[in-house]
Amino acid sequence: MGNQVDKIKLSHQSYAEVPTVDPNGLDTEEGPRIGVSYIFSTDDEEQEGDNSNVDGADKEHHTGTERKQYDKRNEVECVVYHREECIYEKSVKTAGMETYSPEILLNKCKAGDLVEFLTTGQHPHWAVYVGDFQVVHLHRAEIKNSFLTDASQGRRCRIVNELYKFKALSAEMVVQNAMEQVGAKDTELSWRNAECFAAWCRFGKREFKMGGEIRIGKQPYRLMILMSDKQSRMLEFQCLEDLITEKRRNDQVGRTSVIQELATSYQSTSLFPPALQSASYQSTSMFP
């Protein structure tokens, strides 16, 4: 489509500042790659200092921080490919990406819908609407059944059924998948974050589960981050779980920071002479 696309290879969650090439010597694409390290932990807001409690205990009074309102202009637009197939696409310019207050969204939800709650500076929180004003979601390392208005904690929200391009299960099966997991916690969980859990309920794909894919060989997943109308960056992953982790981190830090990070990392790799581009060792991550 005429876009300038630069590729940066990723295999896991956090970047490292060391350019690498295919260790098998089979990589024919030009340009350096970014080596990465992987951290086995959940990345959802439940584990990373969410300032609110779904049961009503608001932590903002204790931390002295205030939740920032969602800013559509700072949302990261992206496309996800599995090999050559588009499996996810988010453009905030489309009508389907309009956000609402929780009270208004309740009038639009149907059982089996995926709902996303949004706040600037936090991971998006996903839930499955199961009817009767309630959602099922992964919150603080437990699958919970909550009223939508409680789960939202005042955040803007929207229905996100169309972001993933997989064929959805029937509404009855989506609700059943969600309700059967209510009460699961800690080591019983098979999902790293609320998005993976909600998407698994709707589409039933094992790729959304922890360890659902073997991380070997060439990276079949690509995350295209749209930096402007004419420029993008391509990040590559070995499994969908890792890609979602990075996509959610991007959503947390926001468009401005992501664009700066990618521009900086791309420029830094060009400083390495060709002789060093085959190096493969772990260094301190660029990102905390």
# chains A, B, ... in the order shown; residues from 1 in each chain; ligands from 1
>>> closest_atom_pairs(of="region 69-107 of chain A", to="region 236-253 of chain A", cutoff="10 Å", atoms="only C-alpha atoms", output="tab-separated table")
residue	atom	partner	partner_atom	distance
A:Asn74	CA	A:Asp251	CA	8.7
A:Glu75	CA	A:Asp251	CA	6.4
A:Val76	CA	A:Asp251	CA	6.0
A:Glu77	CA	A:Asp251	CA	9.1
A:Cys78	CA	A:Lys247	CA	8.5
A:Val80	CA	A:Leu243	CA	8.6
A:Tyr81	CA	A:Glu236	CA	9.5
A:His82	CA	A:Leu240	CA	8.5
>>> write_last_selection(atoms="N, CA, C and O atoms", output="short mmCIF file (atom, residue, chain, number, x, y, z; two decimals), in the first residue's frame")
data_model
loop_
_atom_site.label_atom_id
_atom_site.label_comp_id
_atom_site.auth_asym_id
_atom_site.auth_seq_id
_atom_site.Cartn_x
_atom_site.Cartn_y
_atom_site.Cartn_z
N ASN A 74 -3.83 9.18 21.63
CA ASN A 74 -2.60 8.52 22.05
C ASN A 74 -2.70 7.00 21.95
O ASN A 74 -1.83 6.28 22.44
N GLU A 75 -3.74 6.48 21.30
CA GLU A 75 -3.90 5.04 21.17
C GLU A 75 -3.04 4.52 20.00
O GLU A 75 -2.95 5.16 18.96
N VAL A 76 -2.43 3.38 20.20
CA VAL A 76 -1.53 2.80 19.20
C VAL A 76 -2.35 2.00 18.19
O VAL A 76 -3.06 1.06 18.53
N GLU A 77 -2.25 2.37 16.92
CA GLU A 77 -2.92 1.64 15.85
C GLU A 77 -1.99 0.55 15.33
O GLU A 77 -0.79 0.79 15.16
N CYS A 78 -2.53 -0.62 15.07
CA CYS A 78 -1.66 -1.73 14.66
C CYS A 78 -2.44 -2.79 13.90
O CYS A 78 -3.68 -2.82 13.91
N VAL A 80 -2.02 -7.17 13.07
CA VAL A 80 -1.30 -8.40 13.41
C VAL A 80 -1.50 -9.42 12.30
O VAL A 80 -2.63 -9.62 11.83
N TYR A 81 -0.40 -10.06 11.90
CA TYR A 81 -0.44 -11.09 10.87
C TYR A 81 0.07 -12.41 11.44
O TYR A 81 1.04 -12.43 12.22
N HIS A 82 -0.58 -13.50 11.05
CA HIS A 82 -0.01 -14.84 11.27
C HIS A 82 0.40 -15.34 9.90
O HIS A 82 -0.45 -15.65 9.06
#
>>> closest_residue(among="A:Ala198, A:Leu189, A:Leu148, A:Ile214", to="Gly112 (chain A)", atoms="only C-alpha atoms")
A:Ala198
>>> select_by_dssp(residues="region 38-190 of chain A", states="alpha helix (DSSP H)", output="PDB file with C-alpha atoms, in the first residue's frame")
ATOM      1  CA  GLU A  60      -6.133   6.201  44.462  1.00  0.00           C
ATOM      2  CA  HIS A  61      -6.696   7.746  47.888  1.00  0.00           C
ATOM      3  CA  HIS A  62      -3.769   5.752  49.261  1.00  0.00           C
ATOM      4  CA  THR A  63      -1.301   6.259  46.414  1.00  0.00           C
ATOM      5  CA  PRO A 102     -20.311   2.040  31.211  1.00  0.00           C
ATOM      6  CA  GLU A 103     -23.966   2.976  31.642  1.00  0.00           C
ATOM      7  CA  ILE A 104     -24.434   3.682  27.941  1.00  0.00           C
ATOM      8  CA  LEU A 105     -22.479   0.588  26.888  1.00  0.00           C
ATOM      9  CA  LEU A 106     -24.865  -1.606  28.878  1.00  0.00           C
ATOM     10  CA  LEU A 148     -20.057  -4.273  34.225  1.00  0.00           C
ATOM     11  CA  THR A 149     -20.264  -0.908  35.954  1.00  0.00           C
ATOM     12  CA  ASP A 150     -18.148  -2.210  38.851  1.00  0.00           C
ATOM     13  CA  ALA A 151     -15.580  -3.825  36.565  1.00  0.00           C
ATOM     14  CA  SER A 152     -15.243  -0.614  34.556  1.00  0.00           C
ATOM     15  CA  ALA A 171     -22.885 -16.637  22.064  1.00  0.00           C
ATOM     16  CA  GLU A 172     -24.024 -19.513  24.269  1.00  0.00           C
ATOM     17  CA  MET A 173     -20.622 -21.198  24.044  1.00  0.00           C
ATOM     18  CA  VAL A 174     -18.769 -17.932  24.745  1.00  0.00           C
ATOM     19  CA  VAL A 175     -20.805 -17.388  27.904  1.00  0.00           C
ATOM     20  CA  GLN A 176     -20.335 -21.021  28.924  1.00  0.00           C
ATOM     21  CA  ASN A 177     -16.566 -20.797  28.446  1.00  0.00           C
ATOM     22  CA  ALA A 178     -16.460 -17.721  30.666  1.00  0.00           C
ATOM     23  CA  MET A 179     -18.776 -18.935  33.421  1.00  0.00           C
ATOM     24  CA  GLU A 180     -17.018 -22.297  33.736  1.00  0.00           C
TER      25      GLU A 180
END
>>> residues_around(residues="Lys110 (chain A)", least_positions_apart="4", cutoff="10 Å", atoms="only C-alpha atoms", output="list in words")
Leu106, Leu114, Val128, Tyr129, Val130, Gly131, Asp132, Phe133, Ile159 and Ala171 of chain A
>>> select_by_dssp(residues="region 98-144 of chain A", states="strand (DSSP E or B)", output="list in words")
Tyr100, Leu114, Val115, Glu116, Phe117, Leu118, Thr120, His125, Trp126, Ala127, Val128, Tyr129, Val130, Gly131, Gln134, Val135, Val136, His137, Leu138, Glu142, Ile143 and Lys144 of chain A
>>> atom_distance(atom1="CA of Asp186 (chain A)", atom2="CA of Met210 (chain A)")
12.9 Å
>>> closest_residue(among="A:Ser228, A:Gln219, A:Gln181, A:Ser265", to="Ser91 (chain A)", atoms="only C-alpha atoms")
A:Ser228
